[in-house]
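K.L.:
Before I ask anything, here is the structure I am working with.
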Amino acid sequence: MSQRPKPPVKKPPPPPPVEEEEEEEMEEFEEEFGEADLLDALGSWFTTEEGDTVASALVGLKSAVEMQNKILIKILSAMGKSQCKCPPAPPPTPVAEEDIPA
């Protein structure tokens, strides 16, 4: 039984060289801001000055929607129980094509 030759393994291309200008900008950034943790940076990005986060805003939104739903259910049930003696709406009247403005 003969063995097939293995295909050559392709090596990934080397990363492009970093230009001196980009390297200097990165060094200036690190000097100014330090090596910030990504989690801390994102955490401060999504936090207001009052300490509210996206999660707390969503919790507030959820409770507001729940309250609105309760109010709408009460209104709907009150409307269903009412004994309104209102006359029914008149049927729609057909319109001839020549009466429609162009």
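Ordered as shown in the structure tokens, chains take letters A, B, and onward, while each chain numbers its residues from 1 and ligands are numbered from 1 in the order shown.
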DSSP on the backbone: which residues in chain A end up as alpha helix (DSSP H)? Give the answer as number ranges by chain.
P.N.:
A: 20-33, 38-45, 54-81
K.L.:
Please measure the separation of atom CA of A:Glu32 and atom CA of A:Trp45, giving the value in Å to one decimal.
P.N.:
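Result for atom CA of A:Glu32 versus atom CA of A:Trp45: 17.7 Å, one decimal.
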K.L.:
To one decimal place in Å, what is the distance between atom CA of A:Ser44 and atom CA of A:Phe29?
P.N.:
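Interatomic distance, atom CA of A:Ser44 to atom CA of A:Phe29: 17.7 Å.
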